[in-house]
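The data block below is protein-v7.cif; it holds mmCIF, C-alpha atoms.
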data_entry
loop_
_atom_site.group_PDB
_atom_site.id
_atom_site.type_symbol
_atom_site.label_atom_id
_atom_site.label_comp_id
_atom_site.auth_asym_id
_atom_site.auth_seq_id
_atom_site.Cartn_x
_atom_site.Cartn_y
_atom_site.Cartn_z
ATOM 1 C CA MET O 1 107.081 97.984 93.462
ATOM 2 C CA SER O 2 110.588 97.219 92.268
ATOM 3 C CA ASP O 3 110.855 94.888 89.310
ATOM 4 C CA ALA O 4 110.374 91.413 90.757
ATOM 5 C CA PHE O 5 112.075 89.769 87.792
ATOM 6 C CA ALA O 6 115.179 91.914 88.295
ATOM 7 C CA VAL O 7 115.247 91.170 92.033
ATOM 8 C CA LEU O 8 115.345 87.451 91.310
ATOM 9 C CA GLY O 9 117.612 87.826 88.280
ATOM 10 C CA LEU O 10 115.095 86.153 86.000
ATOM 11 C CA GLU O 11 114.220 86.901 82.407
ATOM 12 C CA PRO O 12 110.872 88.770 82.399
ATOM 13 C CA ARG O 13 108.260 86.482 80.881
ATOM 14 C CA PHE O 14 104.698 85.480 81.672
ATOM 15 C CA ASP O 15 105.154 81.746 81.094
ATOM 16 C CA LEU O 16 107.699 81.434 83.853
ATOM 17 C CA GLU O 17 108.630 77.849 84.805
ATOM 18 C CA PRO O 18 107.463 77.352 88.406
ATOM 19 C CA ALA O 19 110.435 75.016 89.025
ATOM 20 C CA ALA O 20 112.915 77.640 87.811
ATOM 21 C CA LEU O 21 111.283 80.267 90.017
ATOM 22 C CA ASP O 22 111.365 77.981 93.066
ATOM 23 C CA ALA O 23 115.016 77.053 92.461
ATOM 24 C CA ARG O 24 116.024 80.697 92.119
ATOM 25 C CA HIS O 25 114.180 81.629 95.306
ATOM 26 C CA ARG O 26 115.797 78.780 97.243
ATOM 27 C CA ALA O 27 119.297 79.643 96.020
ATOM 28 C CA LEU O 28 118.964 83.350 96.850
ATOM 29 C CA SER O 29 117.336 82.663 100.223
ATOM 30 C CA ALA O 30 120.176 80.303 101.147
ATOM 31 C CA ALA O 31 122.799 82.851 100.114
ATOM 32 C CA LEU O 32 121.066 85.571 102.152
ATOM 33 C CA HIS O 33 120.349 83.421 105.213
ATOM 34 C CA PRO O 34 121.183 85.212 108.512
ATOM 35 C CA ASP O 35 123.465 82.299 109.522
ATOM 36 C CA LYS O 36 125.752 83.262 106.661
ATOM 37 C CA PHE O 37 126.114 86.734 108.130
ATOM 38 C CA ALA O 38 126.528 85.781 111.782
ATOM 39 C CA GLY O 39 130.088 87.091 111.831
ATOM 40 C CA SER O 40 129.459 90.127 109.625
ATOM 41 C CA ALA O 41 129.130 93.778 110.543
ATOM 42 C CA ALA O 42 125.684 95.008 111.614
ATOM 43 C CA THR O 43 125.187 97.077 108.443
ATOM 44 C CA GLU O 44 125.946 94.063 106.311
ATOM 45 C CA ARG O 45 123.524 91.898 108.308
ATOM 46 C CA ARG O 46 120.799 94.517 107.896
ATOM 47 C CA LEU O 47 121.483 94.757 104.191
ATOM 48 C CA ALA O 48 121.213 90.994 103.761
ATOM 49 C CA LEU O 49 117.989 90.914 105.749
ATOM 50 C CA GLY O 50 116.481 93.693 103.646
ATOM 51 C CA LYS O 51 117.500 91.893 100.487
ATOM 52 C CA ALA O 52 116.021 88.614 101.764
ATOM 53 C CA ILE O 53 112.687 90.345 102.379
ATOM 54 C CA GLU O 54 112.783 91.806 98.882
ATOM 55 C CA VAL O 55 113.515 88.370 97.423
ATOM 56 C CA ASN O 56 110.558 86.850 99.284
ATOM 57 C CA GLU O 57 108.226 89.589 98.090
ATOM 58 C CA ALA O 58 109.380 89.188 94.499
ATOM 59 C CA TYR O 59 108.935 85.425 94.740
ATOM 60 C CA ARG O 60 105.387 85.748 96.063
ATOM 61 C CA ALA O 61 104.535 88.252 93.321
ATOM 62 C CA LEU O 62 105.877 86.138 90.491
ATOM 63 C CA ARG O 63 104.166 82.977 91.685
ATOM 64 C CA ASP O 64 100.831 84.742 91.220
ATOM 65 C CA PRO O 65 99.832 85.007 87.518
ATOM 66 C CA VAL O 66 97.907 88.249 88.166
ATOM 67 C CA LYS O 67 100.846 89.960 89.861
ATOM 68 C CA ARG O 68 103.262 88.507 87.321
ATOM 69 C CA ALA O 69 101.247 90.060 84.510
ATOM 70 C CA GLU O 70 101.072 93.346 86.435
ATOM 71 C CA CYS O 71 104.875 93.336 86.866
ATOM 72 C CA LEU O 72 105.413 92.786 83.149
ATOM 73 C CA LEU O 73 102.970 95.542 82.181
ATOM 74 C CA ALA O 74 104.253 98.032 84.758
ATOM 75 C CA ALA O 75 107.857 97.438 83.685
ATOM 76 C CA ARG O 76 106.875 98.479 80.143
ATOM 77 C CA GLY O 77 105.015 101.549 81.334
ATOM 78 C CA VAL O 78 101.480 100.250 80.735
ATOM 79 C CA PRO O 79 99.232 102.017 83.280
ATOM 80 C CA ILE O 80 97.475 99.531 85.552
ATOM 81 C CA GLY O 81 95.159 99.794 88.534
ATOM 82 C CA ASP O 82 92.094 101.823 89.509
ATOM 83 C CA GLY O 83 90.781 103.991 86.745
ATOM 84 C CA ALA O 84 93.676 103.235 84.397
ATOM 85 C CA GLU O 85 92.181 100.092 82.901
ATOM 86 C CA PRO O 86 89.338 99.745 80.394
ATOM 87 C CA ARG O 87 85.846 99.118 81.745
ATOM 88 C CA PRO O 88 84.983 95.425 81.776
ATOM 89 C CA PRO O 89 82.611 94.443 78.966
ATOM 90 C CA ALA O 90 78.957 93.929 79.938
ATOM 91 C CA GLU O 91 79.068 90.228 79.003
ATOM 92 C CA LEU O 92 81.883 89.579 81.455
ATOM 93 C CA LEU O 93 80.100 91.469 84.251
ATOM 94 C CA MET O 94 76.890 89.525 83.579
ATOM 95 C CA GLU O 95 78.784 86.243 83.561
ATOM 96 C CA ILE O 96 80.564 87.073 86.821
ATOM 97 C CA MET O 97 77.376 88.292 88.515
ATOM 98 C CA GLU O 98 75.672 85.049 87.510
ATOM 99 C CA VAL O 99 78.393 82.673 88.721
ATOM 100 C CA ARG O 100 78.883 84.617 91.942
ATOM 101 C CA GLU O 101 75.158 84.362 92.652
ATOM 102 C CA GLU O 102 75.217 80.643 91.860
ATOM 103 C CA LEU O 103 78.199 80.241 94.135
ATOM 104 C CA ALA O 104 76.477 82.126 96.960
ATOM 105 C CA ALA O 105 73.357 79.949 96.541
ATOM 106 C CA ALA O 106 75.396 76.724 96.532
ATOM 107 C CA ARG O 107 77.270 77.938 99.613
ATOM 108 C CA ARG O 108 74.047 78.649 101.473
ATOM 109 C CA ALA O 109 72.615 75.265 100.466
ATOM 110 C CA LYS O 110 75.894 73.513 101.384
ATOM 111 C CA ASP O 111 75.658 71.875 97.973
ATOM 112 C CA LEU O 112 79.081 70.331 97.393
ATOM 113 C CA PRO O 113 78.349 68.855 93.936
ATOM 114 C CA ALA O 114 77.160 72.282 92.764
ATOM 115 C CA LEU O 115 80.322 73.908 94.131
ATOM 116 C CA GLU O 116 82.444 71.343 92.330
ATOM 117 C CA ARG O 117 80.560 71.874 89.066
ATOM 118 C CA LEU O 118 81.124 75.608 89.345
ATOM 119 C CA GLU O 119 84.777 75.089 90.136
ATOM 120 C CA ARG O 120 85.324 72.913 87.064
ATOM 121 C CA ALA O 121 83.553 75.384 84.793
ATOM 122 C CA MET O 122 85.522 78.334 86.124
ATOM 123 C CA ARG O 123 88.878 76.504 86.061
ATOM 124 C CA THR O 124 88.335 75.903 82.345
ATOM 125 C CA LYS O 125 87.758 79.620 81.816
ATOM 126 C CA GLU O 126 90.728 80.532 83.970
ATOM 127 C CA GLN O 127 92.960 78.206 81.951
ATOM 128 C CA ALA O 128 91.742 79.676 78.668
ATOM 129 C CA THR O 129 92.473 83.190 79.948
ATOM 130 C CA THR O 130 95.922 82.214 81.208
ATOM 131 C CA ALA O 131 96.633 80.630 77.818
ATOM 132 C CA ALA O 132 95.484 83.805 76.054
ATOM 133 C CA LEU O 133 97.791 85.881 78.270
ATOM 134 C CA THR O 134 100.727 83.531 77.684
ATOM 135 C CA GLN O 135 100.226 83.832 73.952
ATOM 136 C CA GLY O 136 99.586 87.572 74.154
ATOM 137 C CA PHE O 137 102.716 88.349 76.153
ATOM 138 C CA ALA O 138 104.843 86.210 73.831
ATOM 139 C CA ALA O 139 103.413 87.930 70.745
ATOM 140 C CA ALA O 140 103.591 91.455 72.191
ATOM 141 C CA GLY O 141 107.311 91.451 72.913
ATOM 142 C CA GLY O 142 107.874 94.953 74.238
ATOM 143 C CA ALA O 143 105.195 96.708 72.145
ATOM 144 C CA VAL O 144 103.250 98.910 74.561
ATOM 145 C CA GLU O 145 100.009 98.955 72.510
ATOM 146 C CA LEU O 146 100.006 95.173 72.246
ATOM 147 C CA LEU O 147 100.690 94.860 75.964
ATOM 148 C CA ALA O 148 97.914 97.330 76.816
ATOM 149 C CA ALA O 149 95.551 95.205 74.719
ATOM 150 C CA LEU O 150 96.083 92.403 77.270
ATOM 151 C CA LEU O 151 94.457 94.397 80.082
ATOM 152 C CA PRO O 152 90.953 92.965 79.487
ATOM 153 C CA GLU O 153 92.332 89.429 79.824
ATOM 154 C CA LEU O 154 94.128 90.397 83.013
ATOM 155 C CA GLY O 155 90.858 91.874 84.295
ATOM 156 C CA LYS O 156 89.142 88.529 83.654
ATOM 157 C CA LEU O 157 91.834 86.719 85.601
ATOM 158 C CA ARG O 158 91.266 89.016 88.583
ATOM 159 C CA TYR O 159 87.514 88.347 88.475
ATOM 160 C CA TYR O 160 88.141 84.610 88.353
ATOM 161 C CA ARG O 161 90.536 84.877 91.283
ATOM 162 C CA ARG O 162 87.890 86.597 93.404
ATOM 163 C CA PHE O 163 85.521 83.804 92.483
ATOM 164 C CA PHE O 164 87.996 81.130 93.596
ATOM 165 C CA GLU O 165 88.641 82.954 96.853
ATOM 166 C CA GLU O 166 84.975 82.723 97.746
ATOM 167 C CA LEU O 167 84.799 79.166 96.470
ATOM 168 C CA GLU O 168 87.671 78.200 98.752
ATOM 169 C CA ALA O 169 85.930 79.796 101.721
ATOM 170 C CA ALA O 170 82.749 77.876 100.852
ATOM 171 C CA MET O 171 84.678 74.601 100.587
ATOM 172 C CA ASP O 172 86.363 75.277 103.937
ATOM 173 C CA GLU O 173 82.976 75.804 105.541
ATOM 174 C CA LEU O 174 81.732 72.479 104.225
ATOM 175 C CA SER O 175 84.750 70.547 105.430
ATOM 176 C CA THR O 176 84.526 71.787 109.022
ATOM 177 C CA MET I 177 93.287 98.754 107.006
ATOM 178 C CA ALA I 178 90.532 99.687 109.419
ATOM 179 C CA TYR I 179 87.018 100.219 108.144
ATOM 180 C CA SER I 180 84.948 103.058 109.553
ATOM 181 C CA ASP I 181 81.954 102.183 111.752
ATOM 182 C CA LYS I 182 79.584 103.277 108.997
ATOM 183 C CA VAL I 183 81.225 100.967 106.465
ATOM 184 C CA ILE I 184 80.998 98.075 108.926
ATOM 185 C CA ASP I 185 77.347 98.873 109.627
ATOM 186 C CA HIS I 186 76.439 98.822 105.913
ATOM 187 C CA TYR I 187 78.574 95.723 105.379
ATOM 188 C CA GLU I 188 76.956 93.809 108.220
ATOM 189 C CA ASN I 189 73.445 95.127 107.621
ATOM 190 C CA PRO I 190 73.329 96.009 103.959
ATOM 191 C CA ARG I 191 70.210 97.952 102.958
ATOM 192 C CA ASN I 192 68.162 97.023 99.915
ATOM 193 C CA VAL I 193 69.995 93.893 98.822
ATOM 194 C CA GLY I 194 68.133 92.099 96.087
ATOM 195 C CA THR I 195 66.827 92.173 92.559
ATOM 196 C CA LEU I 196 64.128 93.947 90.609
ATOM 197 C CA ASP I 197 62.732 92.527 87.369
ATOM 198 C CA LYS I 198 65.189 93.730 84.762
ATOM 199 C CA ASP I 199 62.617 93.224 81.987
ATOM 200 C CA ASP I 200 60.131 95.607 83.649
ATOM 201 C CA SER I 201 60.019 98.831 81.619
ATOM 202 C CA THR I 202 59.925 100.916 84.823
ATOM 203 C CA VAL I 203 63.139 99.301 86.081
ATOM 204 C CA GLY I 204 66.606 100.487 85.180
ATOM 205 C CA THR I 205 69.626 98.251 85.746
ATOM 206 C CA GLY I 206 73.216 99.356 86.125
ATOM 207 C CA LEU I 207 75.939 96.737 86.025
ATOM 208 C CA VAL I 208 79.460 97.996 86.613
ATOM 209 C CA GLY I 209 82.796 96.588 87.652
ATOM 210 C CA ALA I 210 86.274 97.519 88.773
ATOM 211 C CA PRO I 211 88.681 95.315 86.824
ATOM 212 C CA ALA I 212 91.646 96.288 89.003
ATOM 213 C CA CYS I 213 90.125 94.570 92.027
ATOM 214 C CA GLY I 214 87.618 92.135 90.548
ATOM 215 C CA ASP I 215 84.526 93.823 92.007
ATOM 216 C CA VAL I 216 81.127 93.655 90.354
ATOM 217 C CA MET I 217 78.120 95.781 91.328
ATOM 218 C CA ARG I 218 74.505 95.689 90.160
ATOM 219 C CA LEU I 219 72.198 98.545 91.098
ATOM 220 C CA GLN I 220 68.559 98.696 90.052
ATOM 221 C CA ILE I 221 65.938 101.419 90.313
ATOM 222 C CA LYS I 222 62.171 101.316 89.938
ATOM 223 C CA VAL I 223 60.785 104.623 88.735
ATOM 224 C CA ASN I 224 57.153 105.740 89.048
ATOM 225 C CA ASP I 225 55.144 107.898 86.616
ATOM 226 C CA ALA I 226 56.246 111.060 88.400
ATOM 227 C CA GLY I 227 59.878 110.238 87.658
ATOM 228 C CA VAL I 228 60.620 109.394 91.275
ATOM 229 C CA ILE I 229 62.714 106.398 92.283
ATOM 230 C CA GLU I 230 60.345 104.435 94.459
ATOM 231 C CA ASP I 231 62.561 101.433 94.989
ATOM 232 C CA ALA I 232 66.230 100.600 94.652
ATOM 233 C CA LYS I 233 68.075 97.315 95.040
ATOM 234 C CA PHE I 234 71.678 96.287 94.763
ATOM 235 C CA LYS I 235 73.937 93.278 94.759
ATOM 236 C CA THR I 236 77.687 93.711 95.058
ATOM 237 C CA PHE I 237 80.454 91.150 95.078
ATOM 238 C CA GLY I 238 83.486 92.980 96.337
ATOM 239 C CA CYS I 239 85.173 94.458 99.370
ATOM 240 C CA GLY I 240 83.412 95.965 102.385
ATOM 241 C CA SER I 241 83.747 99.494 101.008
ATOM 242 C CA ALA I 242 82.170 98.530 97.685
ATOM 243 C CA ILE I 243 79.257 96.877 99.475
ATOM 244 C CA ALA I 244 78.831 99.837 101.818
ATOM 245 C CA SER I 245 79.030 102.356 98.954
ATOM 246 C CA SER I 246 76.294 100.627 96.975
ATOM 247 C CA SER I 247 74.158 100.033 100.067
ATOM 248 C CA LEU I 248 74.357 103.731 100.960
ATOM 249 C CA ALA I 249 73.681 104.715 97.347
ATOM 250 C CA THR I 250 70.386 102.780 97.266
ATOM 251 C CA GLU I 251 69.388 104.323 100.577
ATOM 252 C CA TRP I 252 70.043 107.825 99.300
ATOM 253 C CA ILE I 253 68.374 107.589 95.919
ATOM 254 C CA LYS I 254 65.116 106.068 97.156
ATOM 255 C CA GLY I 255 62.430 108.760 97.010
ATOM 256 C CA LYS I 256 64.580 111.020 94.861
ATOM 257 C CA SER I 257 63.841 112.212 91.348
ATOM 258 C CA LEU I 258 66.061 110.921 88.552
ATOM 259 C CA GLU I 259 67.689 114.342 88.302
ATOM 260 C CA GLU I 260 68.451 114.417 92.022
ATOM 261 C CA ALA I 261 69.843 110.890 91.918
ATOM 262 C CA GLU I 262 71.941 111.776 88.911
ATOM 263 C CA ALA I 263 73.463 114.705 90.776
ATOM 264 C CA LEU I 264 74.774 112.456 93.543
ATOM 265 C CA LYS I 265 78.547 112.599 93.635
ATOM 266 C CA ASN I 266 80.935 109.909 94.744
ATOM 267 C CA THR I 267 82.604 112.431 97.050
ATOM 268 C CA GLN I 268 79.405 112.522 99.153
ATOM 269 C CA ILE I 269 79.716 108.757 99.632
ATOM 270 C CA VAL I 270 83.414 109.116 100.517
ATOM 271 C CA GLU I 271 82.538 111.719 103.118
ATOM 272 C CA GLU I 272 79.636 109.820 104.661
ATOM 273 C CA LEU I 273 81.559 106.536 104.902
ATOM 274 C CA ASN I 274 84.979 108.048 105.669
ATOM 275 C CA LEU I 275 86.533 106.056 102.870
ATOM 276 C CA PRO I 276 90.343 106.121 102.763
ATOM 277 C CA PRO I 277 92.045 107.161 99.482
ATOM 278 C CA VAL I 278 92.642 103.540 98.401
ATOM 279 C CA LYS I 279 88.888 102.904 98.560
ATOM 280 C CA ILE I 280 87.674 105.969 96.691
ATOM 281 C CA HIS I 281 87.227 103.869 93.557
ATOM 282 C CA CYS I 282 84.463 101.969 95.395
ATOM 283 C CA SER I 283 82.437 105.185 95.652
ATOM 284 C CA VAL I 284 83.165 105.945 91.990
ATOM 285 C CA LEU I 285 81.775 102.529 91.151
ATOM 286 C CA ALA I 286 78.567 103.281 93.083
ATOM 287 C CA GLU I 287 78.129 106.628 91.291
ATOM 288 C CA ASP I 288 78.707 104.848 87.953
ATOM 289 C CA ALA I 289 76.130 102.233 88.905
ATOM 290 C CA ILE I 290 73.469 104.887 89.629
ATOM 291 C CA LYS I 291 74.186 106.705 86.360
ATOM 292 C CA SER I 292 74.149 103.515 84.362
ATOM 293 C CA ALA I 293 70.847 102.383 85.962
ATOM 294 C CA ILE I 294 69.291 105.762 85.087
ATOM 295 C CA ALA I 295 70.655 105.555 81.532
ATOM 296 C CA ASP I 296 69.202 102.053 81.172
ATOM 297 C CA PHE I 297 65.805 103.228 82.454
ATOM 298 C CA ARG I 298 65.776 106.169 80.024
ATOM 299 C CA ALA I 299 66.799 103.985 77.094
ATOM 300 C CA LYS I 300 63.956 101.601 77.913
ATOM 301 C CA GLN I 301 61.464 104.466 78.132
ATOM 302 C CA ALA I 302 62.666 105.892 74.826
ATOM 303 C CA ALA I 303 62.332 102.479 73.185
ATOM 304 C CA LYS I 304 58.848 102.117 74.621
ATOM 305 C CA ARG I 305 57.791 105.562 73.373
ATOM 306 C CA ALA I 306 59.125 104.781 69.914
ATOM 307 C CA LEU I 307 57.123 101.560 69.939
ATOM 308 C CA ASP I 308 53.937 103.299 71.172
ATOM 309 C CA GLU I 309 54.219 105.927 68.480
ATOM 310 C CA GLY I 310 54.576 103.103 65.959
#

As C-alpha cells, please, write out the structure in this file.
Amino acid sequence: MSDAFAVLGLEPRFDLEPAALDARHRALSAALHPDKFAGSAATERRLALGKAIEVNEAYRALRDPVKRAECLLAARGVPIGDGAEPRPPAELLMEIMEVREELAAARRAKDLPALERLERAMRTKEQATTAALTQGFAAAGGAVELLAALLPELGKLRYYRRFFEELEAAMDELST
Amino acid sequence: MAYSDKVIDHYENPRNVGTLDKDDSTVGTGLVGAPACGDVMRLQIKVNDAGVIEDAKFKTFGCGSAIASSSLATEWIKGKSLEEAEALKNTQIVEELNLPPVKIHCSVLAEDAIKSAIADFRAKQAAKRALDEG
C-alpha cells in the first residue's frame, strides 16, 4: 500500500482531524474529476482517473483508525500483519471470548437492551484504546521501538472492531 | 475470495461446537488469537486415563477459514493420543481445506490452539500430582 498520508498530502498523524481529511478529499476529488479532463488527451484522462482511485483508497484508509495506525506503523518500518505481531495477552482473549458469547446470546434472544448494554461497555473500551493510541503515537514520534510497543493496543482495536461488526449485524436483524 | 467446499461445509455445519468444564482436571483449554484479524479461538480437550482425547470442543469467532480449521482440528484429534494430536501440523489442515495463502494463518491458529490445550492439560495434571504427593 502506498503511503495514504502522502497521497492526500497530509501530515502523518494518528489524531487526524476528520474535517481536515474530508476537506482534503473533496478538494482533490474535485481537481481530479473526469469533467475537468474532458478535453484532455487519453493518457492524461487515464492518469487522472488512476490518481482519483488512489485518492479514494487513501481517504477510506485514513478514515479508519485501524488502517490509519497501520499506515503510520508501516511507514516507519514496523512489521504488521499475520505472524509479525505479538500474541494477544490471555486476559484480552478471555475478555473478547466472553463478550462475543454474550453478544451471540443476546442476538439469539433478540434482546435489544442487552445489545445496547454491550455496545456501551465496548464503546468505552474502544475510546480508551483510541486515546491510548493517540497518546502513544504522539509520544513515540518516529522511534521504531516505541511505535512497535503500540501493536498490542492496535490489536485490541481490531478485536473491538470485529465485535462492533457483529453487533451491527445483530442490530440490523432486530430492526427488520 | 472463494471458499472451498470443505471450508463451507465446516462453516455451515461446524463439528463439536461448545464448551467443556475448564475447571475439570481432565480438561485442557487452549485460547488463542490472531491480532492482525481480530480472531479468537477456544479449543478444549477431555483426556481419559489412557491419555486419549475422548472429547474435543471449540468455539471460534472469526472468518470462515478459522471456524473450519478449528472444526476440522477437533474432528481429527478426537480418539487420538496426546502425542498424536501434538504431531498434527497446520499444513495438513491447509491441504484438507484447500486454504489459500492468505488464510494459512487460520490453520496456524488451530495448531496453536491444540498445542495450548495440551499444554494446559499437562500443567493441570502436573499441579494435581504435586498436590497428591503433598

How close does region 41-79 of chain O get to region 83-104 of chain O? List, as JSON lines, each residue of region 41-79 of chain O within 12 Å, its nearest atom pair and the distance in Å to one decimal, counting all atoms listed in the file.
{"residue": "O:Glu70", "atom": "CA", "partner": "O:Glu85", "partner_atom": "CA", "distance": 11.7}
{"residue": "O:Leu73", "atom": "CA", "partner": "O:Glu85", "partner_atom": "CA", "distance": 11.7}
{"residue": "O:Ala74", "atom": "CA", "partner": "O:Ala84", "partner_atom": "CA", "distance": 11.8}
{"residue": "O:Gly77", "atom": "CA", "partner": "O:Ala84", "partner_atom": "CA", "distance": 11.9}
{"residue": "O:Val78", "atom": "CA", "partner": "O:Ala84", "partner_atom": "CA", "distance": 9.1}
{"residue": "O:Pro79", "atom": "CA", "partner": "O:Ala84", "partner_atom": "CA", "distance": 5.8}

Would you mind telling me which residue in O:Met171, O:Ala42, O:Leu72, O:Ile53 lies nearest to Leu112 (chain O) when using all atoms listed in the file?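 Once distances to Leu112 (chain O) are computed over all atoms listed in the file, the minimum belongs to O:Met171.
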
Determine, counting only C-alpha atoms, which protein, DNA and RNA residues have an atom within 12 Å of an atom of Asp199 (chain I); residues of the same chain fewer than 6 positions away are not included. Present the result as a list in words.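 In the requested format, the answer is Thr205, Gln220, Lys222, Asp296, Phe297, Lys300 and Gln301 of chain I.
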
Can I get the residues of chain I within 7 Å of chain O, each with the closest pair of atoms and their distance in Å to one decimal, using all atoms listed in the file, sorted chain first then ascending number, as a tab-separated table?
residue	atom	partner	partner_atom	distance
I:Leu207	CA	O:Leu93	CA	6.9
I:Val208	CA	O:Leu93	CA	7.0
I:Gly209	CA	O:Pro88	CA	6.4
I:Pro211	CA	O:Gly155	CA	4.8
I:Ala212	CA	O:Gly81	CA	5.0
I:Cys213	CA	O:Arg158	CA	6.6
I:Gly214	CA	O:Tyr159	CA	4.3
I:Val216	CA	O:Leu93	CA	6.6
I:His281	CA	O:Asp82	CA	6.7

List the spatial neighbours of Ala178 (chain I) as number ranges by chain - criterion: any atom at most 10 Å away, all atoms listed in the file, same-chain residues fewer than 5 positions off excluded. I: 183-184, 275-276

Residue neighbourhood Leu10 (chain O), 10 Å, all atoms listed in the file, exclusion window fewer than 5 positions, as an NGL selection string: :O and (4-5 or 16 or 20-21 or 24)

Between CA of Leu167 (chain O) and CA of Leu118 (chain O) lies a distance of 8.8 Å

The PyMOL selection byres ((chain I and resi 257) around 12) on the file shown: which residues, as an mmCIF file with C-alpha atoms, in the frame of the given file?
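So the final result, stored in result-v8.cif, reads:
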data_model
loop_
_atom_site.group_PDB
_atom_site.id
_atom_site.type_symbol
_atom_site.label_atom_id
_atom_site.label_comp_id
_atom_site.auth_asym_id
_atom_site.auth_seq_id
_atom_site.Cartn_x
_atom_site.Cartn_y
_atom_site.Cartn_z
ATOM 1 C CA ILE I 221 65.938 101.419 90.313
ATOM 2 C CA LYS I 222 62.171 101.316 89.938
ATOM 3 C CA VAL I 223 60.785 104.623 88.735
ATOM 4 C CA ASN I 224 57.153 105.740 89.048
ATOM 5 C CA ASP I 225 55.144 107.898 86.616
ATOM 6 C CA ALA I 226 56.246 111.060 88.400
ATOM 7 C CA GLY I 227 59.878 110.238 87.658
ATOM 8 C CA VAL I 228 60.620 109.394 91.275
ATOM 9 C CA ILE I 229 62.714 106.398 92.283
ATOM 10 C CA GLU I 230 60.345 104.435 94.459
ATOM 11 C CA ASP I 231 62.561 101.433 94.989
ATOM 12 C CA TRP I 252 70.043 107.825 99.300
ATOM 13 C CA ILE I 253 68.374 107.589 95.919
ATOM 14 C CA LYS I 254 65.116 106.068 97.156
ATOM 15 C CA GLY I 255 62.430 108.760 97.010
ATOM 16 C CA LYS I 256 64.580 111.020 94.861
ATOM 17 C CA LEU I 258 66.061 110.921 88.552
ATOM 18 C CA GLU I 259 67.689 114.342 88.302
ATOM 19 C CA GLU I 260 68.451 114.417 92.022
ATOM 20 C CA ALA I 261 69.843 110.890 91.918
ATOM 21 C CA GLU I 262 71.941 111.776 88.911
ATOM 22 C CA ALA I 263 73.463 114.705 90.776
ATOM 23 C CA LEU I 264 74.774 112.456 93.543
ATOM 24 C CA ILE I 294 69.291 105.762 85.087
#

List, as a list of chain:residue names, every residue that the PyMOL selection byres ((chain I and resi 240) around 9) selects in the file provided. I:Tyr179, I:Val183, I:Ile184, I:His186, I:Tyr187, I:Glu188, I:Gly238, I:Cys239, I:Ser241, I:Ala242, I:Ile243, I:Ala244, I:Ser245

One decimal, Å: what's the distance from CA of Asn56 (chain O) over to CA of Thr130 (chain O), could you say?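 Going from CA of Asn56 (chain O) over to CA of Thr130 (chain O), I get 23.7 Å.
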
With all atoms listed in the file as the basis for distance, which of I:Ala306, I:Ala210, I:Leu196, I:Leu219 is at the shortest distance from Ser292 (chain I)? I:Leu219

Nearest to Ala289 (chain I), chosen from I:Asp308, I:Ala249, I:Val270, I:Ala302, with all atoms listed in the file counted in the distances: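 Nearest candidate to Ala289 (chain I) out of I:Asp308, I:Ala249, I:Val270, I:Ala302: I:Ala249.
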
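From CA of Ser175 (chain O) back to CA of Glu119 (chain O), the distance works out to 16.0 Å.
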
Exercise: region 34-38 of chain O partners within 12 Å, all atoms listed in the file, chain neighbours under 2 positions left out, as a ChimeraX atom specification: /O:28-32,40-53

Can those selected residues be exported to a file as a compact mmCIF listing (two decimals), in the coordinates of the input so that it contains C-alpha atoms?
# COMPACT_ATOMS: atom_id res chain seq x y z
CA LEU O 28 118.96 83.35 96.85
CA SER O 29 117.34 82.66 100.22
CA ALA O 30 120.18 80.30 101.15
CA ALA O 31 122.80 82.85 100.11
CA LEU O 32 121.07 85.57 102.15
CA SER O 40 129.46 90.13 109.62
CA ALA O 41 129.13 93.78 110.54
CA ALA O 42 125.68 95.01 111.61
CA THR O 43 125.19 97.08 108.44
CA GLU O 44 125.95 94.06 106.31
CA ARG O 45 123.52 91.90 108.31
CA ARG O 46 120.80 94.52 107.90
CA LEU O 47 121.48 94.76 104.19
CA ALA O 48 121.21 90.99 103.76
CA LEU O 49 117.99 90.91 105.75
CA GLY O 50 116.48 93.69 103.65
CA LYS O 51 117.50 91.89 100.49
CA ALA O 52 116.02 88.61 101.76
CA ILE O 53 112.69 90.34 102.38

Evaluate the PyMOL selection byres ((chain O and resi 137) around 8) and report residues as a ChimeraX atom specification: /O:13-14,133-136,138-141,147,150

Please rebuild region 81-87 of chain O with N, CA, C and O atoms and give the result as a PDB file, keeping the file's coordinate frame.
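This went into result.pdb:
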ATOM      1  N   GLY O  81      95.783  99.425  87.270  1.00  0.00           N
ATOM      2  CA  GLY O  81      95.159  99.794  88.534  1.00  0.00           C
ATOM      3  C   GLY O  81      93.896 100.603  88.350  1.00  0.00           C
ATOM      4  O   GLY O  81      93.395 100.772  87.242  1.00  0.00           O
ATOM      5  N   ASP O  82      93.367 101.091  89.483  1.00  0.00           N
ATOM      6  CA  ASP O  82      92.094 101.823  89.509  1.00  0.00           C
ATOM      7  C   ASP O  82      92.047 102.930  88.477  1.00  0.00           C
ATOM      8  O   ASP O  82      92.906 103.802  88.461  1.00  0.00           O
ATOM      9  N   GLY O  83      91.012 102.885  87.666  1.00  0.00           N
ATOM     10  CA  GLY O  83      90.781 103.991  86.745  1.00  0.00           C
ATOM     11  C   GLY O  83      91.659 103.977  85.507  1.00  0.00           C
ATOM     12  O   GLY O  83      91.359 104.647  84.532  1.00  0.00           O
ATOM     13  N   ALA O  84      92.756 103.225  85.532  1.00  0.00           N
ATOM     14  CA  ALA O  84      93.676 103.235  84.397  1.00  0.00           C
ATOM     15  C   ALA O  84      93.298 102.169  83.363  1.00  0.00           C
ATOM     16  O   ALA O  84      93.728 102.223  82.228  1.00  0.00           O
ATOM     17  N   GLU O  85      92.471 101.219  83.785  1.00  0.00           N
ATOM     18  CA  GLU O  85      92.181 100.092  82.901  1.00  0.00           C
ATOM     19  C   GLU O  85      90.804 100.231  82.252  1.00  0.00           C
ATOM     20  O   GLU O  85      89.926 100.870  82.808  1.00  0.00           O
ATOM     21  N   PRO O  86      90.632  99.631  81.065  1.00  0.00           N
ATOM     22  CA  PRO O  86      89.338  99.745  80.394  1.00  0.00           C
ATOM     23  C   PRO O  86      88.212  99.125  81.219  1.00  0.00           C
ATOM     24  O   PRO O  86      88.453  98.195  81.995  1.00  0.00           O
ATOM     25  N   ARG O  87      87.002  99.680  81.045  1.00  0.00           N
ATOM     26  CA  ARG O  87      85.846  99.118  81.745  1.00  0.00           C
ATOM     27  C   ARG O  87      85.605  97.698  81.275  1.00  0.00           C
ATOM     28  O   ARG O  87      85.711  97.416  80.082  1.00  0.00           O
TER      29      ARG O  87
END
